[in-house]
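Asker: My questions will all concern the structure given below.
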Amino acid sequence: MLRYRFRAREKSGGLRKGIVEAQSEESAVVVLREQGLVITELHELTAGKSLLSFGKKVKFDDIVNFTRQLSTMIGAGLPLTDALSILQLQVPLALQSKVADILRSIEGGSSFGDALSHHSETFSRVYIALVRAGEAAGVLDTILIRLADTLEKQREFREKTKGAMIYPIIVLIGMFLVATVMMIFVLPKLTLMYKDFDIELPFVTKVLIGTSDFMVNYWYLMGAGIIGGVYVFNRWRKTKVGAYQWDIIVAKLPIFGKIKSMVLMAEFTRTFALLASAGVSLVEALGIVQEVADSEVMRQALGVVAKDVEKGNPLATSLAVHPVFPMIVSQMTSVGEQTGKLDEILNRVAGYFETESEHAIKNLSTAMEPIIMVLLGVGVGFLIVAIIVPIYNLTSAF
């Protein structure tokens, strides 16, 4: 099947554009005319453009922008198919084919939610569940606006988190690269000089030279060891047991563990509030949040909570049993259940955790600067003792 981009005029006089699949250009013309369209432009999508989109992953930003634009169009009264026809020409290449497929499914009689479910690798289960809830209640425009707002908040939160950690990471990478260059290129030349003069070297210098020799002569073993270690670690971490144990290790880390917990709670409360406000049942919402949670410990806890709620237990009571959920979550959930404003209360809790995690990350970034300077000083001091002292002893001997 070939893909053709078209522009056409409807019988009502409105303009329409999009992508159509057909065996040939003549077949594409027939398909479009059967839809009552008067074609003004039709050309085949080049193979080069298709190759550009092949294998490209849809970015989170693309989904956020797509949702915001779609919510604006639907809110303005534009039919869903028309909105998707416009958007498939505006979205990035990686998303174009998916939007085109969704549009074809809807035109074939599928609901928007069912069409999205064929692309679950791009649209999360939360996204699909919310769209289905919006369609069922006849408030798709409202749901899309809420979804766009939530996704934008998540994007802003992620950008702040990444931005706060950029400086320390760049400095640490720079230190590692400088140390590697010293060990592989600089130190071997100094080692030859030490051997020529046959001088007694300090212990730290011998250790440094030994490490340098190993890196130069057995770099392939070192590389294989690092690659193998990363591979084994990733395989272990993808198992349920490994993921669970790793989450526990991270949770116990000073500062980092607290930040990770707050980020998880912000994501959990924000997503759960969105699902609850859309009319998704508590049990179904817990199942959806369980699937998208970025922690095996939380996933297992949510599985137990869902079973408890299904038996008729209050959500707050079920959450309070599990240490992964801070006390404030269960307490505020209880308030939300009693007042009938669970989604509103959880949104406030999400805002609290987002603010606290942002402060914690900024404080960590600020604290990292003196720590990095101390590490840099220790590293420089070690190099002075290991490299400069033998040279000083050598010059003093003459």
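Chain labels A, B, ... are given in the sequence in which chains occur in the structure tokens; within each chain residues are numbered consecutively from 1, and ligands are likewise numbered from 1 in the order shown.
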Show me, as a list of chain:residue names, the residues that have an atom within 10 Å of range 385-393 of chain A when counting only C-alpha atoms, minus same-chain residues fewer than 6 positions from it.
Answerer: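 My list of contacting residues is A:Leu187, A:Leu190, A:Thr191, A:Met193, A:Tyr194, A:Ile199, A:Glu200, A:Leu201, A:Pro202, A:Phe203, A:Val204, A:Thr205, A:Lys206, A:Val207, A:Leu208, A:Ile209.
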Asker: Mind checking DSSP for range 41-255 of chain A and telling me the strand (DSSP E) residues as a list in words?
Answerer: Glu41, Leu42, His43 and Glu44 of chain A
Asker: When DSSP works through the backbone of this structure, what residues of range 71-229 of chain A end up as helix (DSSP H, G or I), shown as a PyMOL selection string?
Answerer: chain A and resi 71-75+80-87+93-107+112-117+125-137+140-197+203-217+219-229
Asker: Within 10 Å of Gln154 in chain A, counting only C-alpha atoms, which residues show up once you throw out same-chain ones fewer than 5 positions away? Write them as a PyMOL selection string, please.
Answerer: chain A and resi 60+64+148-149+159-160+266-267+270-271+354
